[in-house]
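J.: Structure file structure35.cif (mmCIF, C-alpha atoms) is given on the next line.
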data_model
#
loop_
_atom_site.label_atom_id
_atom_site.label_comp_id
_atom_site.auth_asym_id
_atom_site.auth_seq_id
_atom_site.Cartn_x
_atom_site.Cartn_y
_atom_site.Cartn_z
CA MET G 3 86.72 115.00 133.45
CA SER G 4 86.83 111.29 134.18
CA LYS G 5 90.07 109.45 134.83
CA LYS G 6 89.30 107.26 131.82
CA LYS G 7 89.08 110.26 129.50
CA ILE G 8 92.34 111.67 130.85
CA ALA G 9 93.97 108.32 130.12
CA TYR G 10 92.55 108.39 126.57
CA ILE G 11 94.00 111.86 126.00
CA ILE G 12 97.43 110.81 127.29
CA ILE G 13 97.45 107.69 125.11
CA ALA G 14 96.35 109.73 122.07
CA VAL G 15 99.15 112.26 122.62
CA ILE G 16 101.74 109.49 122.97
CA LEU G 17 100.51 107.86 119.76
CA TYR G 18 100.61 111.17 117.85
CA ILE G 19 104.19 111.68 119.03
CA CYS G 20 105.13 108.13 117.98
CA PHE G 21 103.53 108.73 114.57
CA ALA G 22 105.40 112.02 114.15
CA LEU G 23 108.75 110.47 115.15
CA PHE G 24 108.21 107.50 112.86
CA THR G 25 107.27 109.81 110.00
CA ILE G 26 110.41 111.89 110.50
CA SER G 27 112.55 108.74 110.64
CA LEU G 28 111.17 107.69 107.24
CA THR G 29 112.78 110.77 105.71
CA GLN G 30 116.16 110.01 107.29
CA HIS G 31 116.84 106.28 107.58
CA ASP G 32 118.00 103.93 104.80
CA LEU G 33 116.78 106.03 101.88
CA GLN G 34 116.99 104.23 98.54
CA PRO G 35 115.39 104.89 95.12
CA ILE G 36 113.00 101.92 95.19
CA ALA G 37 109.65 103.60 94.47
CA ALA G 38 108.07 102.84 91.09
CA ASP G 39 109.22 106.24 89.77
CA GLY G 40 112.74 105.84 91.19
CA SER G 41 112.19 108.24 94.09
CA LEU G 42 113.60 107.67 97.58
CA VAL G 43 111.83 105.52 100.17
CA GLY G 44 112.82 105.26 103.84
CA TYR G 45 113.55 101.94 105.54
CA ALA G 46 114.21 100.75 102.01
CA SER G 47 115.86 97.42 102.80
CA PHE G 48 113.09 96.40 105.18
CA ASN G 49 110.34 97.59 102.83
CA GLN G 50 111.88 95.84 99.84
CA LYS G 51 112.19 92.56 101.74
CA CYS G 52 108.54 92.77 102.85
CA LEU G 53 107.40 93.49 99.29
CA GLU G 54 109.35 90.49 97.99
CA ALA G 55 108.03 88.26 100.78
CA PHE G 56 104.35 89.21 100.42
CA GLY G 57 104.32 89.86 96.69
CA GLN G 58 101.43 91.55 94.91
CA SER G 59 97.78 90.55 94.65
CA SER G 60 95.24 92.34 92.47
CA LEU G 61 92.49 90.39 94.24
CA MET G 62 93.46 91.79 97.64
CA ALA G 63 93.76 95.25 96.12
CA ASP G 64 90.18 94.96 94.84
CA ILE G 65 88.89 93.59 98.16
CA THR G 66 90.47 96.40 100.16
CA LYS G 67 89.12 98.97 97.70
CA ALA G 68 85.64 97.51 98.26
CA ILE G 69 86.12 97.81 102.04
CA GLY G 70 87.23 101.39 101.47
CA TRP G 71 84.00 102.19 99.60
CA LEU G 72 81.99 100.50 102.35
CA SER G 73 83.77 102.71 104.89
CA ILE G 74 82.85 105.81 102.90
CA LEU G 75 79.21 104.72 102.73
CA ILE G 76 79.16 104.30 106.52
CA CYS G 77 80.63 107.80 106.93
CA ALA G 78 77.93 109.16 104.61
CA PHE G 79 75.22 107.30 106.54
CA PHE G 80 76.16 108.88 109.87
CA GLY G 81 76.67 112.22 108.14
CA LEU G 82 73.10 112.09 106.82
CA ILE G 83 71.78 111.19 110.28
CA GLY G 84 73.56 114.19 111.73
CA LEU G 85 72.31 116.45 108.93
CA ALA G 86 68.73 115.24 109.43
CA GLN G 87 68.95 115.97 113.16
CA LEU G 88 70.41 119.42 112.45
CA VAL G 89 67.64 120.27 109.96
CA LYS G 90 64.93 118.98 112.28
CA THR G 91 66.10 120.83 115.40
CA LYS G 92 67.69 123.80 113.60
CA SER G 93 70.45 123.68 116.21
CA LEU G 94 73.79 121.93 116.59
CA GLY G 95 72.68 121.17 120.13
CA GLY G 96 69.98 118.95 118.66
CA VAL G 97 72.53 116.68 117.00
CA ASP G 98 73.48 113.53 118.92
CA ARG G 99 76.85 114.15 120.58
CA ASP G 100 78.11 110.75 119.45
CA ILE G 101 77.38 111.80 115.85
CA ILE G 102 79.27 115.05 116.40
CA ALA G 103 82.22 113.10 117.84
CA MET G 104 82.21 110.82 114.79
CA GLY G 105 82.11 113.90 112.55
CA VAL G 106 85.18 115.27 114.32
CA LEU G 107 86.94 111.91 113.94
CA TYR G 108 86.19 111.63 110.21
CA SER G 109 87.16 115.26 109.66
CA LEU G 110 90.53 114.72 111.33
CA ALA G 111 91.14 111.66 109.14
CA ILE G 112 90.35 113.72 106.02
CA ILE G 113 92.67 116.52 107.16
CA PHE G 114 95.55 114.08 107.62
CA TYR G 115 94.80 112.57 104.19
CA LEU G 116 94.95 116.00 102.55
CA VAL G 117 98.13 116.95 104.40
CA PHE G 118 100.01 113.81 103.35
CA ASN G 119 98.78 114.14 99.78
CA ARG G 120 100.63 117.47 99.78
CA LEU G 121 103.50 116.58 102.11
CA VAL G 122 104.58 113.42 100.30
CA ILE G 123 106.83 111.18 102.40
CA ASN G 124 107.22 108.50 99.74
CA PHE G 125 105.53 107.08 96.66
CA ARG G 126 104.03 103.67 96.01
CA PRO G 127 105.94 100.61 94.77
CA VAL G 128 103.62 100.38 91.74
CA LEU G 129 102.38 102.72 89.03
CA GLU G 130 98.70 103.37 88.39
CA ALA G 131 97.05 102.05 85.23
CA ASP G 132 97.54 105.41 83.53
CA GLY G 133 101.25 105.46 84.37
CA SER G 134 100.93 107.96 87.22
CA ILE G 135 102.13 107.34 90.77
CA GLU G 136 100.38 108.12 94.04
CA PRO G 137 101.64 109.10 97.50
CA SER G 138 101.95 106.03 99.67
CA TYR G 139 102.34 107.17 103.29
CA PRO G 140 100.37 106.61 105.42
CA SER G 141 98.10 104.03 103.82
CA SER G 142 94.77 105.87 103.45
CA HIS G 143 92.81 102.62 103.10
CA THR G 144 94.31 101.41 106.38
CA VAL G 145 93.42 104.64 108.16
CA LEU G 146 89.91 104.71 106.68
CA ALA G 147 89.11 101.12 107.63
CA ILE G 148 90.43 101.35 111.18
CA VAL G 149 88.88 104.74 111.91
CA VAL G 150 85.44 103.85 110.56
CA PHE G 151 85.08 100.28 111.80
CA ALA G 152 86.78 100.81 115.17
CA SER G 153 84.52 103.80 115.88
CA LEU G 154 81.57 101.67 114.77
CA MET G 155 82.66 98.94 117.21
CA ILE G 156 82.76 101.50 119.99
CA GLU G 157 79.27 102.73 119.15
CA ILE G 158 77.95 99.17 118.97
CA SER G 159 79.34 98.40 122.43
CA ARG G 160 77.74 101.60 123.80
CA ARG G 161 74.35 101.37 122.12
CA ILE G 162 73.38 97.72 121.61
CA THR G 163 72.22 96.07 124.82
CA ASN G 164 71.84 92.60 123.31
CA ARG G 165 75.38 91.36 123.95
CA GLY G 166 75.10 88.41 121.56
CA LYS G 167 74.11 90.67 118.68
CA ALA G 168 76.68 93.26 119.68
CA LEU G 169 79.46 90.65 119.77
CA ILE G 170 78.64 89.42 116.26
CA GLU G 171 78.64 92.97 114.89
CA GLU G 172 81.86 93.89 116.73
CA LEU G 173 83.63 90.78 115.41
CA SER G 174 82.44 91.62 111.90
CA CYS G 175 83.96 95.09 112.22
CA LEU G 176 87.19 93.62 113.57
CA ALA G 177 87.34 91.16 110.66
CA LEU G 178 86.95 93.98 108.16
CA ILE G 179 89.75 95.91 109.86
CA CYS G 180 92.09 92.91 109.71
CA ILE G 181 91.23 92.20 106.07
CA ALA G 182 91.84 95.83 105.16
CA VAL G 183 95.16 96.13 106.99
CA PHE G 184 96.68 92.80 105.96
CA GLY G 185 95.02 93.03 102.55
CA ARG G 186 96.81 96.29 101.77
CA LEU G 187 100.07 94.63 102.76
CA LEU G 188 99.38 91.57 100.60
CA SER G 189 98.18 93.66 97.67
CA GLY G 190 101.68 95.07 97.22
CA VAL G 191 100.46 98.62 96.53
CA HIS G 192 102.00 99.99 99.72
CA TRP G 193 105.27 99.67 101.57
CA ALA G 194 105.12 97.93 104.96
CA SER G 195 106.10 101.21 106.62
CA ASP G 196 103.00 102.85 105.07
CA ILE G 197 100.77 100.27 106.75
CA PHE G 198 102.52 100.67 110.10
CA GLY G 199 102.27 104.46 109.92
CA GLY G 200 98.59 104.15 109.05
CA VAL G 201 97.95 101.93 112.06
CA LEU G 202 99.76 104.37 114.39
CA LEU G 203 97.80 107.35 113.10
CA SER G 204 94.49 105.44 113.22
CA LEU G 205 95.01 104.43 116.84
CA ALA G 206 95.82 108.04 117.77
CA LEU G 207 92.60 109.16 116.07
CA ILE G 208 90.52 106.47 117.78
CA PHE G 209 91.80 107.44 121.24
CA THR G 210 91.03 111.07 120.35
CA PHE G 211 87.50 109.92 119.50
CA LEU G 212 87.19 108.09 122.83
CA SER G 213 88.33 111.20 124.67
CA ILE G 214 85.56 113.39 123.15
CA LEU G 215 82.69 110.92 123.36
CA PRO G 216 80.07 111.91 125.93
CA GLU G 217 79.89 109.90 129.11
CA LEU G 218 77.15 107.29 129.16
CA PRO G 219 74.41 107.78 131.76
CA GLY G 220 75.42 106.25 135.07
CA SER G 221 79.15 106.83 134.65
CA THR G 222 80.75 107.91 137.93
CA ASP G 223 84.47 107.70 137.12
CA HIS G 224 85.33 111.35 137.73
CA CYS G 225 88.26 112.94 139.47
#
Give the structure from the file, written as structure tokens.
T.:
Amino acid sequence: MSKKKIAYIIIAVILYICFALFTISLTQHDLQPIAADGSLVGYASFNQKCLEAFGQSSLMADITKAIGWLSILICAFFGLIGLAQLVKTKSLGGVDRDIIAMGVLYSLAIIFYLVFNRLVINFRPVLEADGSIEPSYPSSHTVLAIVVFASLMIEISRRITNRGKALIEELSCLALICIAVFGRLLSGVHWASDIFGGVLLSLALIFTFLSILPELPGSTDHC
């Protein structure tokens, strides 16, 4: 295993630990009934001040939802590529290892989403149109955008040899990540701690992805 991959694994583990500790702290520190349904939210004073400072924007909520749907379409696109390769070769070994790594990444993100839909840390500051309330932590739109577009940036840097074209596409992905993250904060549908937790989890997932990606031909960084 290369030194770089070992470093990725160590960073991923540290980030998972930070995410776990932060999540636990949300259930212990400064709990106040500030959610839309009156339930307790951790870091309440900080979260309330951020919500008051940034306000709420239905436009940003709609924009980030659109980015979320785009992320899902990209996941489906790579999933179909992998499925086509599997059908054609009739073997998992015939599927591009980068596609398999992306499948693992997306699967992990889905597992965390399902877990935190069951293990609710806090609820949103706003009610849905039908009067219901949704779990808020971590921000699933934040996780989805970072995981999909950061992994896409990595693949672009690995696969596209035209550096000018690659740079444009990488910057486009980065812009979408920034819009999604700050857009969720400005939309007012999440607490600031939900965004931060989502970023922590996303980074842990991305470094996990980097650790399982196959080495590119010509790589000699082994220990």
J.: Could you state the separation of CA of Ser41 (chain G) and CA of Leu116 (chain G) in Å, given to one decimal place?
T.: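 Spanning CA of Ser41 (chain G) to CA of Leu116 (chain G) is a straight-line distance of 20.7 Å.
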J.: Starting from the displayed file, determine the output of the PyMOL selection byres ((chain G and resi 63) around 9) and express the residue list as a PyMOL selection string.
T.: chain G and resi 58-62+64-68+185-186+188-191
J.: Include C-alpha atoms and write out the residues we just selected as a compact mmCIF listing (two decimals), in the frame of the given file.
T.:
# COMPACT_ATOMS: atom_id res chain seq x y z
CA GLN G 58 101.43 91.55 94.91
CA SER G 59 97.78 90.55 94.65
CA SER G 60 95.24 92.34 92.47
CA LEU G 61 92.49 90.39 94.24
CA MET G 62 93.46 91.79 97.64
CA ASP G 64 90.18 94.96 94.84
CA ILE G 65 88.89 93.59 98.16
CA THR G 66 90.47 96.40 100.16
CA LYS G 67 89.12 98.97 97.70
CA ALA G 68 85.64 97.51 98.26
CA GLY G 185 95.02 93.03 102.55
CA ARG G 186 96.81 96.29 101.77
CA LEU G 188 99.38 91.57 100.60
CA SER G 189 98.18 93.66 97.67
CA GLY G 190 101.68 95.07 97.22
CA VAL G 191 100.46 98.62 96.53
J.: Quick one: which residues end up in the PyMOL selection byres ((chain G and resi 20) around 12) for this structure, as a list in words?
T.: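 With the PyMOL selection byres ((chain G and resi 20) around 12) on this model, the match is Ile13, Ala14, Val15, Ile16, Leu17, Tyr18, Ile19, Phe21, Ala22, Leu23, Phe24, Thr25, Ile26, Ser27, Phe198, Gly199, Gly200, Val201, Leu202, Leu203, Ser204, Leu205 and Ala206 of chain G.
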J.: Written as a short mmCIF file (atom, residue, chain, number, x, y, z; two decimals) with C-alpha atoms, in the frame of the given file, which residues does the PyMOL selection byres ((chain G and resi 179) around 9) give for the file shown?
T.:
data_model
loop_
_atom_site.label_atom_id
_atom_site.label_comp_id
_atom_site.auth_asym_id
_atom_site.auth_seq_id
_atom_site.Cartn_x
_atom_site.Cartn_y
_atom_site.Cartn_z
CA ILE G 69 86.12 97.81 102.04
CA THR G 144 94.31 101.41 106.38
CA ALA G 147 89.11 101.12 107.63
CA ILE G 148 90.43 101.35 111.18
CA PHE G 151 85.08 100.28 111.80
CA ALA G 152 86.78 100.81 115.17
CA SER G 174 82.44 91.62 111.90
CA CYS G 175 83.96 95.09 112.22
CA LEU G 176 87.19 93.62 113.57
CA ALA G 177 87.34 91.16 110.66
CA LEU G 178 86.95 93.98 108.16
CA CYS G 180 92.09 92.91 109.71
CA ILE G 181 91.23 92.20 106.07
CA ALA G 182 91.84 95.83 105.16
CA VAL G 183 95.16 96.13 106.99
CA PHE G 184 96.68 92.80 105.96
#
J.: Given all atoms listed in the file as the basis, pick out the residue of G:Leu129, G:Trp193, G:Pro140, G:Ala86 nearest to Val117 (chain G).
T.: G:Pro140
J.: With all atoms listed in the file as the atoms that count, which of G:Val128, G:Ile11, G:Ala46, G:Leu88 lies nearest to Ile102 (chain G)?
T.: G:Leu88
J.: Which distance in Å separates CA of Ile156 (chain G) and CA of Phe211 (chain G), to one decimal?
T.: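 Distance between the two atoms: 9.7 Å.
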J.: With distances taken over all atoms listed in the file, which residue among G:Gly70, G:Gly95, G:Pro127, G:Gly81 lies nearest Gln50 (chain G)?
T.: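 Checking each of G:Gly70, G:Gly95, G:Pro127, G:Gly81 against Gln50 (chain G), counting all atoms listed in the file, the winner is G:Pro127.
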J.: Could you give me, as a list in words, the residues within 9 Å of region 28-30 of chain G, counting only C-alpha atoms and dropping anything in the same chain fewer than 3 positions from it?
T.: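 Non-adjacent residues within range: Leu23, Phe24, Thr25, Leu33, Leu42, Val43, Gly44, Tyr45, Ile123, Asn124 and Ser195 of chain G.
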